[in-house]
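Content type compact mmCIF, C-alpha atoms, from the file protein18.txt:
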```txt
# COMPACT_ATOMS: atom_id res chain seq x y z
CA MET A 1 -0.21 30.59 29.17
CA LYS A 2 -3.72 30.12 27.87
CA THR A 3 -2.90 31.10 24.31
CA SER A 4 0.57 29.63 24.21
CA PRO A 5 1.72 29.49 20.58
CA LEU A 6 3.55 26.24 21.33
CA LYS A 7 0.30 24.65 22.45
CA TRP A 8 -1.47 25.72 19.27
CA ALA A 9 1.40 24.50 17.14
CA ILE A 10 1.25 21.09 18.81
CA ILE A 11 -2.52 20.91 18.50
CA GLY A 12 -2.28 21.91 14.84
CA PHE A 13 0.32 19.25 14.22
CA LEU A 14 -1.76 16.59 15.96
CA LYS A 15 -4.89 17.53 14.04
CA ALA A 16 -2.99 17.43 10.75
CA TYR A 17 -1.55 14.05 11.71
CA ARG A 18 -4.98 12.69 12.61
CA PHE A 19 -6.40 13.97 9.35
CA ALA A 20 -3.72 12.94 6.89
CA ILE A 21 -1.36 10.33 8.31
CA SER A 22 -3.27 8.39 10.91
CA PRO A 23 -5.89 7.04 8.45
CA LEU A 24 -3.06 5.50 6.45
CA TYR A 25 -2.40 2.92 9.10
CA GLY A 26 -5.98 2.19 10.05
CA GLN A 27 -6.64 1.29 13.65
CA VAL A 28 -3.51 -0.09 15.26
CA CYS A 29 -3.72 1.36 18.76
CA ARG A 30 -4.23 -1.04 21.63
CA TYR A 31 -5.76 1.65 23.77
CA HIS A 32 -8.87 3.73 23.79
CA PRO A 33 -8.68 6.65 23.22
CA THR A 34 -5.94 6.09 20.62
CA CYS A 35 -2.53 7.58 21.25
CA SER A 36 -3.10 10.58 19.00
CA ALA A 37 -6.54 11.30 20.47
CA TYR A 38 -4.97 10.97 23.91
CA ALA A 39 -2.19 13.38 22.97
CA LEU A 40 -4.65 15.92 21.61
CA GLN A 41 -6.82 15.76 24.71
CA ALA A 42 -3.80 15.83 27.03
CA VAL A 43 -2.37 18.96 25.41
CA GLU A 44 -5.78 20.62 25.42
CA THR A 45 -6.42 19.99 29.12
CA HIS A 46 -2.92 20.05 30.60
CA GLY A 47 -1.08 22.47 28.31
CA ALA A 48 1.87 21.92 26.01
CA ILE A 49 4.55 20.68 28.38
CA ARG A 50 2.61 18.37 30.67
CA GLY A 51 0.45 17.28 27.72
CA VAL A 52 3.44 16.24 25.63
CA TYR A 53 4.93 14.47 28.66
CA LEU A 54 1.70 12.51 29.22
CA ALA A 55 1.42 11.69 25.51
CA ALA A 56 5.04 10.52 25.34
CA ARG A 57 4.46 8.22 28.31
CA ARG A 58 1.37 6.84 26.61
CA VAL A 59 3.19 6.08 23.37
CA MET A 60 5.88 4.27 25.40
CA ARG A 61 3.14 2.19 27.00
CA CYS A 62 1.71 1.17 23.62
CA HIS A 63 3.56 -1.95 22.47
CA PRO A 64 2.48 -5.49 21.57
CA TRP A 65 3.16 -6.80 25.07
CA ALA A 66 1.00 -4.24 26.80
CA ALA A 67 -2.54 -5.26 27.66
CA GLY A 68 -4.02 -2.11 26.18
CA GLY A 69 -7.54 -1.22 27.20
CA TYR A 70 -9.41 1.88 28.29
CA ASP A 71 -6.93 4.53 29.31
CA PRO A 72 -8.31 8.07 29.46
CA VAL A 73 -6.32 11.26 30.02
CA PRO A 74 -6.04 11.99 33.74
CA GLN A 75 -8.30 14.76 34.96
CA SER A 76 -6.82 18.18 35.40
CA HIS A 77 -6.15 18.93 39.06
CA ARG A 78 -6.21 22.67 38.58
CA MET B 1 15.43 24.50 20.97
CA PHE B 2 15.96 23.12 17.48
CA GLY B 3 19.64 22.51 18.18
CA PHE B 4 18.59 20.42 21.16
CA LEU B 5 16.05 18.46 19.11
CA GLY B 6 18.67 18.01 16.41
CA ASP B 7 21.05 16.52 18.98
CA ILE B 8 18.41 14.01 20.08
CA GLY B 9 17.73 13.20 16.44
CA SER B 10 21.35 12.54 15.58
CA ALA B 11 21.83 10.50 18.76
CA ILE B 12 19.05 8.20 17.51
CA MET B 13 20.04 8.26 13.85
CA THR B 14 23.81 7.78 14.09
CA PRO B 15 23.64 4.16 15.30
CA LEU B 16 20.95 3.53 12.68
CA TYR B 17 23.20 4.74 9.87
CA TYR B 18 25.77 2.21 11.02
CA ALA B 19 23.19 -0.57 11.33
CA VAL B 20 21.58 0.12 7.96
CA SER B 21 24.90 0.48 6.15
CA ALA B 22 26.27 -2.68 7.79
CA VAL B 23 23.28 -4.79 6.67
CA LEU B 24 23.39 -3.18 3.24
CA LEU B 25 27.10 -3.90 2.84
CA PHE B 26 26.60 -7.47 4.10
CA TRP B 27 24.03 -8.21 1.38
CA HIS B 28 26.12 -6.35 -1.18
CA LYS B 29 29.04 -8.61 -0.29
CA VAL B 30 26.83 -11.72 -0.49
CA PHE B 31 25.58 -10.88 -3.98
CA SER B 32 28.96 -9.80 -5.30
CA THR B 33 30.49 -13.04 -3.97
CA LEU B 34 27.75 -14.90 -5.82
CA GLY B 35 29.17 -13.50 -9.04
CA LEU B 36 27.37 -10.20 -9.59
CA SER B 37 29.51 -7.20 -10.45
CA GLU B 38 30.31 -5.00 -7.43
CA ASN B 39 29.23 -1.83 -9.17
CA SER B 40 26.14 -3.23 -10.84
CA GLY B 41 22.77 -1.74 -10.01
CA TRP B 42 21.40 -5.24 -9.57
CA THR B 43 23.82 -5.94 -6.75
CA TRP B 44 22.82 -2.76 -4.92
CA ALA B 45 19.12 -3.26 -5.62
CA LEU B 46 19.26 -6.83 -4.31
CA ALA B 47 21.23 -5.60 -1.29
CA ILE B 48 18.38 -3.19 -0.55
CA VAL B 49 15.87 -6.02 -0.93
CA GLY B 50 18.03 -8.04 1.47
CA LEU B 51 17.98 -5.16 3.94
CA THR B 52 14.18 -4.99 3.76
CA ILE B 53 13.84 -8.71 4.35
CA THR B 54 16.27 -8.57 7.28
CA ILE B 55 14.28 -5.80 8.93
CA ARG B 56 10.88 -7.37 8.36
CA ALA B 57 12.15 -10.74 9.55
CA ALA B 58 13.44 -9.06 12.72
CA LEU B 59 9.94 -7.71 13.30
CA ILE B 60 8.32 -11.17 13.04
CA PRO B 61 8.18 -11.66 16.85
CA LEU B 62 5.85 -8.67 17.06
CA PHE B 63 3.68 -10.25 14.41
CA VAL B 64 3.59 -13.73 16.00
CA ARG B 65 2.25 -12.06 19.10
CA GLN B 66 -0.57 -10.74 16.93
CA ILE B 67 -1.43 -14.21 15.60
CA LYS B 68 -1.69 -15.62 19.11
CA SER B 69 -3.92 -12.76 20.04
CA SER B 70 -6.14 -13.27 17.01
CA ARG B 71 -6.66 -16.90 18.02
CA ASN B 72 -8.04 -15.81 21.38
CA MET B 73 -10.06 -13.17 19.59
CA GLN B 74 -12.18 -15.88 17.99
CA LEU B 75 -13.19 -17.17 21.39
CA LEU B 76 -14.27 -13.71 22.46
CA GLN B 77 -16.52 -13.10 19.46
CA PRO B 78 -19.80 -14.03 21.19
CA GLN B 79 -19.09 -11.64 24.04
CA ILE B 80 -18.19 -8.88 21.62
CA LYS B 81 -21.50 -9.45 19.84
CA GLU B 82 -23.28 -9.17 23.14
CA LEU B 83 -21.57 -5.88 23.92
CA GLN B 84 -22.46 -4.61 20.46
CA LYS B 85 -26.09 -5.38 21.14
CA LYS B 86 -26.02 -3.84 24.58
CA TYR B 87 -24.30 -0.60 23.61
CA ALA B 88 -25.66 -0.26 20.08
CA HIS B 89 -26.71 3.29 20.90
CA ASP B 90 -23.40 4.50 22.35
CA ARG B 91 -20.26 3.93 20.36
CA GLU B 92 -17.95 5.57 22.86
CA LYS B 93 -19.20 3.31 25.63
CA LEU B 94 -19.05 0.28 23.32
CA THR B 95 -15.40 0.95 22.51
CA GLN B 96 -14.58 1.39 26.19
CA GLU B 97 -16.29 -1.86 27.15
CA GLN B 98 -14.66 -3.72 24.27
CA MET B 99 -11.25 -2.44 25.32
CA LYS B 100 -11.93 -3.50 28.90
CA LEU B 101 -12.86 -6.99 27.77
CA TRP B 102 -9.67 -7.27 25.71
CA LYS B 103 -7.58 -6.06 28.61
CA GLU B 104 -9.16 -8.53 31.06
CA THR B 105 -8.58 -11.45 28.74
CA GLY B 106 -5.14 -10.36 27.54
CA THR B 107 -6.32 -10.32 23.95
CA ASN B 108 -6.00 -7.33 21.72
CA PRO B 109 -6.43 -7.38 17.96
CA PHE B 110 -4.31 -4.33 17.34
CA ALA B 111 -0.57 -4.37 16.81
CA SER B 112 0.13 -1.02 18.52
CA CYS B 113 2.18 1.52 16.66
CA LEU B 114 5.53 0.09 17.79
CA PRO B 115 6.24 -1.76 14.51
CA LEU B 116 5.56 1.50 12.67
CA ILE B 117 7.60 3.62 15.06
CA LEU B 118 10.49 1.19 14.72
CA GLN B 119 10.36 1.16 10.94
CA MET B 120 10.10 4.88 10.43
CA PRO B 121 13.63 5.85 11.53
CA ILE B 122 15.04 2.88 9.61
CA PHE B 123 13.30 4.11 6.50
CA PHE B 124 14.68 7.57 7.11
CA ALA B 125 18.17 6.21 7.76
CA LEU B 126 18.11 4.35 4.44
CA PHE B 127 16.93 7.48 2.68
CA ARG B 128 19.75 9.53 4.19
CA THR B 129 22.35 6.83 3.52
CA ILE B 130 21.47 6.66 -0.17
CA ASP B 131 21.01 10.41 -0.47
CA ARG B 132 24.36 11.16 1.19
CA ALA B 133 26.10 8.54 -0.94
CA ALA B 134 24.71 10.30 -4.00
CA HIS B 135 26.35 13.50 -2.75
CA GLY B 136 29.69 11.85 -2.08
CA THR B 137 29.51 12.07 1.74
CA PRO B 138 29.04 8.46 2.92
CA LYS B 139 27.30 7.61 6.20
CA GLY B 140 27.94 4.77 8.63
CA PHE B 141 30.21 1.97 7.42
CA LEU B 142 30.06 2.99 3.76
CA SER B 143 33.47 3.97 2.42
CA VAL B 144 33.95 6.69 -0.17
CA LYS B 145 34.48 3.93 -2.73
CA ASP B 146 31.19 2.18 -1.75
CA ALA B 147 29.39 5.49 -1.93
CA ALA B 148 30.73 6.21 -5.39
CA SER B 149 29.73 2.72 -6.49
CA LEU B 150 26.20 3.19 -5.13
CA GLU B 151 25.97 6.67 -6.63
CA ASN B 152 26.75 5.42 -10.10
CA ALA B 153 25.01 2.03 -9.93
CA LYS B 154 22.53 1.54 -12.72
CA LEU B 155 19.54 -0.77 -12.76
CA LEU B 156 18.00 -1.19 -16.23
CA GLY B 157 19.61 2.10 -17.15
CA ALA B 158 18.19 3.94 -14.12
CA LYS B 159 20.37 5.32 -11.34
CA ILE B 160 19.54 3.86 -7.92
CA ALA B 161 20.61 6.96 -6.00
CA ASP B 162 18.62 9.38 -8.18
CA THR B 163 15.14 10.71 -7.56
CA PHE B 164 12.46 11.37 -10.15
CA MET B 165 12.89 15.10 -9.62
CA LYS B 166 16.66 15.22 -9.83
CA THR B 167 17.67 12.98 -12.66
CA ASP B 168 18.56 13.45 -16.25
CA LEU B 169 17.77 9.88 -17.25
CA THR B 170 14.39 8.94 -18.65
CA GLU B 171 14.97 5.39 -17.41
CA THR B 172 15.04 6.61 -13.78
CA ARG B 173 11.70 8.35 -14.33
CA ILE B 174 10.15 5.27 -15.91
CA LEU B 175 11.41 2.93 -13.20
CA THR B 176 10.34 5.15 -10.28
CA MET B 177 6.86 5.48 -11.75
CA THR B 178 6.71 1.72 -12.32
CA LEU B 179 7.53 1.19 -8.66
CA VAL B 180 4.86 3.70 -7.61
CA VAL B 181 2.34 1.69 -9.63
CA ALA B 182 3.66 -1.53 -8.08
CA MET B 183 3.23 -0.09 -4.59
CA CYS B 184 -0.31 0.99 -5.36
CA ILE B 185 -1.17 -2.46 -6.70
CA THR B 186 0.29 -4.32 -3.71
CA GLN B 187 -1.38 -1.98 -1.27
CA PHE B 188 -4.69 -2.25 -3.09
CA THR B 189 -4.50 -6.05 -3.20
CA THR B 190 -3.67 -6.25 0.50
CA GLN B 191 -6.55 -3.99 1.33
CA ARG B 192 -9.01 -5.77 -0.90
CA GLN B 193 -8.02 -9.17 0.38
CA LEU B 194 -8.60 -7.99 3.93
CA MET B 195 -11.97 -6.45 3.15
CA SER B 196 -13.46 -9.05 0.85
CA LYS B 197 -12.25 -12.19 2.60
CA ASN B 198 -11.52 -11.48 6.21
CA MET B 199 -14.24 -9.05 7.29
CA PRO B 200 -17.65 -10.12 8.54
CA ALA B 201 -20.44 -8.73 6.40
CA ASP B 202 -21.70 -6.39 9.11
CA ALA B 203 -18.26 -4.84 9.54
CA MET B 204 -18.27 -3.78 5.91
CA SER B 205 -20.45 -0.81 6.69
CA GLY B 206 -19.78 1.70 9.43
CA PRO B 207 -16.86 3.94 10.25
CA TYR B 208 -14.14 1.30 10.06
CA ALA B 209 -15.03 0.32 6.52
CA GLN B 210 -15.33 3.98 5.65
CA GLN B 211 -11.80 4.55 6.85
CA GLN B 212 -10.57 1.58 4.86
CA LYS B 213 -12.21 2.94 1.73
CA MET B 214 -10.61 6.32 2.26
CA LEU B 215 -7.23 4.61 2.43
CA LEU B 216 -7.70 3.32 -1.08
CA TYR B 217 -7.73 6.90 -2.32
CA VAL B 218 -5.21 8.47 0.06
CA LEU B 219 -2.43 5.93 -0.27
CA PRO B 220 -1.81 6.23 -4.03
CA VAL B 221 -1.36 9.98 -3.48
CA VAL B 222 1.17 9.32 -0.72
CA PHE B 223 3.02 6.83 -2.91
CA ALA B 224 3.04 9.23 -5.85
CA VAL B 225 4.47 12.06 -3.74
CA GLY B 226 7.03 9.70 -2.19
CA GLY B 227 7.83 8.25 -5.58
CA VAL B 228 8.72 11.65 -6.93
CA ALA B 229 10.75 12.79 -3.91
CA PHE B 230 12.63 9.64 -2.81
CA PRO B 231 15.57 7.99 -4.56
CA LEU B 232 14.94 4.82 -6.52
CA GLY B 233 16.72 2.74 -3.85
CA VAL B 234 14.27 3.86 -1.17
CA LEU B 235 11.37 2.99 -3.46
CA ILE B 236 12.83 -0.51 -3.85
CA TYR B 237 12.79 -0.82 -0.06
CA TRP B 238 9.24 0.48 0.10
CA THR B 239 7.92 -1.86 -2.60
CA THR B 240 9.61 -4.90 -1.06
CA SER B 241 8.17 -4.00 2.31
CA ASN B 242 4.69 -3.75 0.77
CA LEU B 243 5.12 -7.17 -0.85
CA TRP B 244 6.14 -8.61 2.52
CA THR B 245 3.06 -7.16 4.18
CA MET B 246 0.89 -8.67 1.47
CA GLY B 247 2.43 -12.11 1.92
CA GLN B 248 2.20 -11.89 5.69
CA GLN B 249 -1.44 -11.02 5.52
CA PHE B 250 -2.16 -13.77 3.04
CA TYR B 251 -0.61 -16.21 5.51
CA VAL B 252 -2.67 -14.92 8.43
CA ILE B 253 -5.95 -14.99 6.53
CA ARG B 254 -5.25 -18.55 5.45
CA ARG B 255 -4.18 -19.82 8.84
CA ASN B 256 -6.25 -17.66 11.20
CA PRO B 257 -9.29 -16.33 9.41
CA ALA B 258 -11.69 -14.14 11.34
CA PRO B 259 -14.89 -15.97 12.30
CA GLY B 260 -18.00 -15.27 10.27
CA THR B 261 -16.09 -14.46 7.08
CA PRO B 262 -15.68 -16.15 3.68
CA ALA B 263 -12.06 -16.91 4.62
CA PHE B 264 -13.26 -18.89 7.66
CA ALA B 265 -15.65 -20.92 5.53
CA ALA B 266 -12.83 -21.58 3.05
CA LYS B 267 -10.59 -22.87 5.83
CA GLN B 268 -13.36 -25.18 7.05
CA GLU B 269 -13.65 -26.55 3.51
CA ARG B 270 -9.91 -27.12 3.26
CA ASP B 271 -9.77 -28.80 6.65
CA LYS B 272 -12.64 -31.08 5.69
CA ALA B 273 -11.00 -32.03 2.40
CA ARG B 274 -7.77 -32.93 4.18
CA GLY B 275 -9.52 -34.87 6.91
CA ARG B 276 -8.51 -32.47 9.67
CA ILE B 277 -10.64 -31.40 12.57
CA VAL B 278 -13.07 -28.77 11.36
CA VAL B 279 -13.42 -25.90 13.81
CA GLU B 280 -16.95 -24.66 14.13
CA ASP B 281 -17.52 -21.01 13.41
CA PRO B 282 -18.10 -19.42 16.83
CA LEU B 283 -19.99 -16.56 15.26
CA LYS B 284 -22.51 -18.75 13.47
CA LYS B 285 -23.42 -20.49 16.71
CA ALA B 286 -23.93 -17.14 18.39
CA ALA B 287 -26.04 -15.94 15.49
CA GLU B 288 -28.30 -18.98 15.72
CA GLU B 289 -28.87 -18.43 19.42
CA ALA B 290 -29.61 -14.76 18.96
CA ALA B 291 -32.77 -13.36 17.47
CA PRO B 292 -32.74 -13.39 13.67
CA LYS B 293 -33.30 -9.68 13.34
CA PRO B 294 -30.69 -7.38 14.89
CA ALA B 295 -31.96 -4.10 16.28
CA PRO B 296 -31.42 -1.16 13.91
CA ARG B 297 -28.42 0.94 14.80
CA VAL B 298 -29.36 4.14 16.57
CA GLN B 299 -27.33 7.27 15.88
CA PRO B 300 -25.23 8.22 18.91
CA LYS B 301 -26.29 11.43 20.55
CA ASN B 302 -24.07 14.44 20.21
CA GLN B 303 -22.94 15.11 23.76
CA PRO B 304 -20.38 17.61 24.96
CA ARG B 305 -17.41 15.92 26.56
CA ALA B 306 -18.18 17.19 30.04
CA GLU B 307 -21.59 15.55 29.92
CA ARG B 308 -20.28 12.33 28.45
CA LYS B 309 -17.84 11.86 31.33
CA LYS B 310 -20.57 12.26 33.88
CA ALA B 311 -23.07 10.18 31.94
CA PRO B 312 -24.47 7.34 34.05
CA ALA B 313 -24.55 3.74 32.93
CA PRO B 314 -27.23 3.03 30.32
CA LYS B 315 -30.70 2.80 31.76
CA PRO B 316 -31.78 -0.69 32.64
CA THR B 317 -34.73 -2.00 30.71
CA PRO B 318 -38.07 -1.94 32.55
CA LYS B 319 -37.98 -5.72 32.65
CA GLN B 320 -34.79 -5.71 34.65
CA ARG B 321 -35.90 -2.98 36.97
CA GLY B 322 -38.96 -4.88 38.13
CA GLY B 323 -38.09 -8.53 37.82
CA PRO B 324 -35.24 -10.72 38.94
CA LYS B 325 -31.74 -10.18 37.59
CA SER B 326 -31.99 -12.79 34.86
CA GLY B 327 -32.98 -10.55 31.97
CA PRO B 328 -31.69 -11.26 28.48
CA GLN B 329 -29.50 -8.17 28.76
CA GLN B 330 -27.50 -9.63 31.62
CA PRO B 331 -24.00 -10.48 30.34
CA LYS B 332 -23.00 -14.08 30.65
CA LYS B 333 -20.09 -14.99 32.83
CA LYS B 334 -16.88 -14.51 30.86
CA PRO B 335 -14.86 -17.63 30.24
CA ASP B 336 -11.42 -17.23 31.72
CA ILE B 337 -9.26 -17.43 28.62
CA THR B 338 -6.21 -16.09 30.35
CA ALA B 339 -6.07 -19.10 32.63
CA LYS B 340 -5.55 -21.33 29.60
CA ASP B 341 -2.88 -19.17 28.09
CA PRO B 342 0.45 -19.62 29.86
CA GLU B 343 2.13 -17.24 27.44
CA LYS B 344 -0.05 -14.38 28.50
CA ASP B 345 2.59 -12.59 30.52
CA ILE B 346 5.39 -12.70 28.00
```
Show this structure as structure tokens.
Amino acid sequence: MKTSPLKWAIIGFLKAYRFAISPLYGQVCRYHPTCSAYALQAVETHGAIRGVYLAARRVMRCHPWAAGGYDPVPQSHR
Amino acid sequence: MFGFLGDIGSAIMTPLYYAVSAVLLFWHKVFSTLGLSENSGWTWALAIVGLTITIRAALIPLFVRQIKSSRNMQLLQPQIKELQKKYAHDREKLTQEQMKLWKETGTNPFASCLPLILQMPIFFALFRTIDRAAHGTPKGFLSVKDAASLENAKLLGAKIADTFMKTDLTETRILTMTLVVAMCITQFTTQRQLMSKNMPADAMSGPYAQQQKMLLYVLPVVFAVGGVAFPLGVLIYWTTSNLWTMGQQFYVIRRNPAPGTPAFAAKQERDKARGRIVVEDPLKKAAEEAAPKPAPRVQPKNQPRAERKKAPAPKPTPKQRGGPKSGPQQPKKKPDITAKDPEKDI
């Protein structure tokens, strides 16, 4: 589980996104850490499946009517 | 796995093909009723422009929300300045505190990625609709006849459904490259307008400005790659969308300039000339109260994440430790902006 190829693929994708695509839009995220930073951290600490689930929930929370604010990745309970 | 993902994708995209083709056909009908030839490239190009305007107009509510928020932002400026002074040494902590302040007051300067996430599949749906029409397999409400008309439509001798890569017309190449240049110019102008008029001088250095500068170099590359790979019709959509963004931003900078910027001073001048109430720059007042020389910015320490999480609150200054709690570092009581804003919980 520790060296799951899926996890590395997702992390690679997120890093590529943060390097090449994310700067295109500038800062738009209403949260800190930003959604992509959140996703990266979530996958790193909670693994591919739970990480993607957490990240998906975060992106759903990020809309103009949300208050935004400081919203860190929950601590691992393992 | 990929079959499953493909199913999700088509479940999202199928309604979009219908929506995009319906709006496209509506505008096509409007312009052909107005006297343009049904098979003319102009009719199809204008229909695509109409589609862009429809979509961007539908997204206006998201943008109005941003304007309201930017109004409240001006009132928060002094507190933001205070936080910047207090956490000058720790950017992570500064961002956290800033975010907390915005959350408490229901004010957030950022649009969230929802407008982008909404536009991306629409963009893709338009791409597929045009691309499929060019291959004779129409999507959504397009009939085989519409598809054939779109496939063969010519604008200034260039085919709307063709891409730079797959065309045998020089006109298509010239027109796609012209649009790439147009996109670069609009993007550059938007960016420059934002940076030169609506950014306080001290925001022009630092990581944010750095990121903005990088954009100026990255975006033309993205446009050039897109310009070569996407059909002319998609580039028309893209260019129109860029123009809309530029106009929208021009409007915001004129109506709601950020405090402490040349745009704010210009608005004060205009208001004075027209005999309107001149709003005082909240930042200037704060700057006069504060010491003239800001403390030099200290590089943040490189901490491993584990340590950063545990890190205690910044050390109180010796003055505060000994004396009463009325040091200059003590934050002032926050004005309750939310109480004044009945639209907060929309």
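Each of B:Thr172, B:Thr239, B:Gln248, B:Ser112 was checked against A:Trp65 using all atoms listed in the file; the smallest atom-to-atom distance is that of B:Ser112.
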For the interface of chain A with chain B (cut-off 6 Å, counting only C-alpha atoms), please tabulate each contacting residue of chain A alongside its nearest pair of atoms and their separation in Å to one decimal, rows sorted by chain and increasing number, as a tab-separated table.
```
residue	atom	partner	partner_atom	distance
A:Leu24	CA	B:Leu215	CA	5.9
A:Val28	CA	B:Phe110	CA	4.8
A:Cys29	CA	B:Ser112	CA	4.5
A:Arg30	CA	B:Ser112	CA	5.4
A:Cys62	CA	B:Ser112	CA	5.8
A:His63	CA	B:Ser112	CA	5.3
A:Pro64	CA	B:Ala111	CA	5.8
A:Ala67	CA	B:Lys103	CA	5.2
A:Gly68	CA	B:Lys103	CA	5.8
A:Gly69	CA	B:Met99	CA	4.3
A:Tyr70	CA	B:Met99	CA	5.6
```
Q | Residue nearest B:Val221 - candidates B:Cys184, B:Phe4, B:Arg128, B:Leu155, atoms counted: only C-alpha atoms | A | B:Cys184
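Omitting B:Asn39 and its sequence neighbours fewer than 3 positions away, and counting only C-alpha atoms, the residues within 8 Å are Thr43, Trp44, Ser149, Leu150, Asn152 and Ala153 of chain B.
With all atoms listed in the file as the basis for measurement, B:Ala45 is the residue among B:Leu169, B:Phe127, B:Ala45, B:Trp238 that approaches B:Ser32 most closely.
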Q.
As an exercise, work out the distance from atom CA of A:Ile21 to atom CA of B:Phe223 in Å and give it to one decimal place.
A. 12.5 Å
**Q.** Atomic distance atom CA of B:Val49 - atom CA of B:Ile236, expressed in Å with one decimal
**A.** 6.9 Å
Q: Determine, counting only C-alpha atoms, which protein, DNA and RNA residues have an atom within 9 Å of an atom of A:Arg18; residues of the same chain fewer than 4 positions away are not included. Present the result as an NGL selection string.
A: :A and (13-14 or 22-23 or 36-37)
**Q.** Nearby residues (all atoms listed in the file) at most 9 Å from A:Ala48, same-chain spacing under 6 positions excluded, as a ChimeraX atom specification
**A.** /A:4,6-8,10-11,42
Could you write out the selected residues, including C-alpha atoms, as a PDB file, keeping the file's coordinate frame?
```pdb
ATOM      1  CA  SER A   4       0.570  29.630  24.210  1.00  0.00           C
ATOM      2  CA  LEU A   6       3.550  26.240  21.330  1.00  0.00           C
ATOM      3  CA  LYS A   7       0.300  24.650  22.450  1.00  0.00           C
ATOM      4  CA  TRP A   8      -1.470  25.720  19.270  1.00  0.00           C
ATOM      5  CA  ILE A  10       1.250  21.090  18.810  1.00  0.00           C
ATOM      6  CA  ILE A  11      -2.520  20.910  18.500  1.00  0.00           C
ATOM      7  CA  ALA A  42      -3.800  15.830  27.030  1.00  0.00           C
TER       8      ALA A  42
END
```
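What separates atom CA of B:Leu142 from atom CA of B:Lys166 is a distance of 22.7 Å.
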Since the input lacks atoms, please generate N, CA and C atoms for stretch 29-43 of chain A and provide them as a PDB file, keeping the file's coordinate frame.
```pdb
ATOM      1  N   CYS A  29      -3.977   1.071  17.351  1.00  0.00           N
ATOM      2  CA  CYS A  29      -3.720   1.360  18.760  1.00  0.00           C
ATOM      3  C   CYS A  29      -4.412   0.352  19.671  1.00  0.00           C
ATOM      4  N   ARG A  30      -3.684  -0.064  20.694  1.00  0.00           N
ATOM      5  CA  ARG A  30      -4.230  -1.040  21.630  1.00  0.00           C
ATOM      6  C   ARG A  30      -5.016  -0.374  22.740  1.00  0.00           C
ATOM      7  N   TYR A  31      -5.064   0.923  22.709  1.00  0.00           N
ATOM      8  CA  TYR A  31      -5.760   1.650  23.770  1.00  0.00           C
ATOM      9  C   TYR A  31      -6.955   2.416  23.223  1.00  0.00           C
ATOM     10  N   HIS A  32      -7.821   2.774  24.123  1.00  0.00           N
ATOM     11  CA  HIS A  32      -8.870   3.730  23.790  1.00  0.00           C
ATOM     12  C   HIS A  32      -8.868   4.812  24.856  1.00  0.00           C
ATOM     13  N   PRO A  33      -8.822   6.077  24.564  1.00  0.00           N
ATOM     14  CA  PRO A  33      -8.680   6.650  23.220  1.00  0.00           C
ATOM     15  C   PRO A  33      -7.309   6.319  22.605  1.00  0.00           C
ATOM     16  N   THR A  34      -7.206   6.405  21.279  1.00  0.00           N
ATOM     17  CA  THR A  34      -5.940   6.090  20.620  1.00  0.00           C
ATOM     18  C   THR A  34      -4.881   7.090  21.044  1.00  0.00           C
ATOM     19  N   CYS A  35      -3.635   6.741  20.802  1.00  0.00           N
ATOM     20  CA  CYS A  35      -2.530   7.580  21.250  1.00  0.00           C
ATOM     21  C   CYS A  35      -2.664   9.021  20.766  1.00  0.00           C
ATOM     22  N   SER A  36      -3.049   9.206  19.506  1.00  0.00           N
ATOM     23  CA  SER A  36      -3.100  10.580  19.000  1.00  0.00           C
ATOM     24  C   SER A  36      -4.283  11.340  19.595  1.00  0.00           C
ATOM     25  N   ALA A  37      -5.401  10.646  19.820  1.00  0.00           N
ATOM     26  CA  ALA A  37      -6.540  11.300  20.470  1.00  0.00           C
ATOM     27  C   ALA A  37      -6.174  11.656  21.908  1.00  0.00           C
ATOM     28  N   TYR A  38      -5.435  10.762  22.538  1.00  0.00           N
ATOM     29  CA  TYR A  38      -4.970  10.970  23.910  1.00  0.00           C
ATOM     30  C   TYR A  38      -4.064  12.202  23.953  1.00  0.00           C
ATOM     31  N   ALA A  39      -3.128  12.267  23.009  1.00  0.00           N
ATOM     32  CA  ALA A  39      -2.190  13.380  22.970  1.00  0.00           C
ATOM     33  C   ALA A  39      -2.931  14.702  22.792  1.00  0.00           C
ATOM     34  N   LEU A  40      -3.890  14.698  21.884  1.00  0.00           N
ATOM     35  CA  LEU A  40      -4.650  15.920  21.610  1.00  0.00           C
ATOM     36  C   LEU A  40      -5.380  16.388  22.857  1.00  0.00           C
ATOM     37  N   GLN A  41      -6.042  15.430  23.514  1.00  0.00           N
ATOM     38  CA  GLN A  41      -6.820  15.760  24.710  1.00  0.00           C
ATOM     39  C   GLN A  41      -5.882  16.199  25.844  1.00  0.00           C
ATOM     40  N   ALA A  42      -4.746  15.519  25.955  1.00  0.00           N
ATOM     41  CA  ALA A  42      -3.800  15.830  27.030  1.00  0.00           C
ATOM     42  C   ALA A  42      -3.257  17.246  26.866  1.00  0.00           C
ATOM     43  N   VAL A  43      -2.909  17.623  25.632  1.00  0.00           N
ATOM     44  CA  VAL A  43      -2.370  18.960  25.410  1.00  0.00           C
ATOM     45  C   VAL A  43      -3.461  20.010  25.629  1.00  0.00           C
TER      46      VAL A  43
END
```
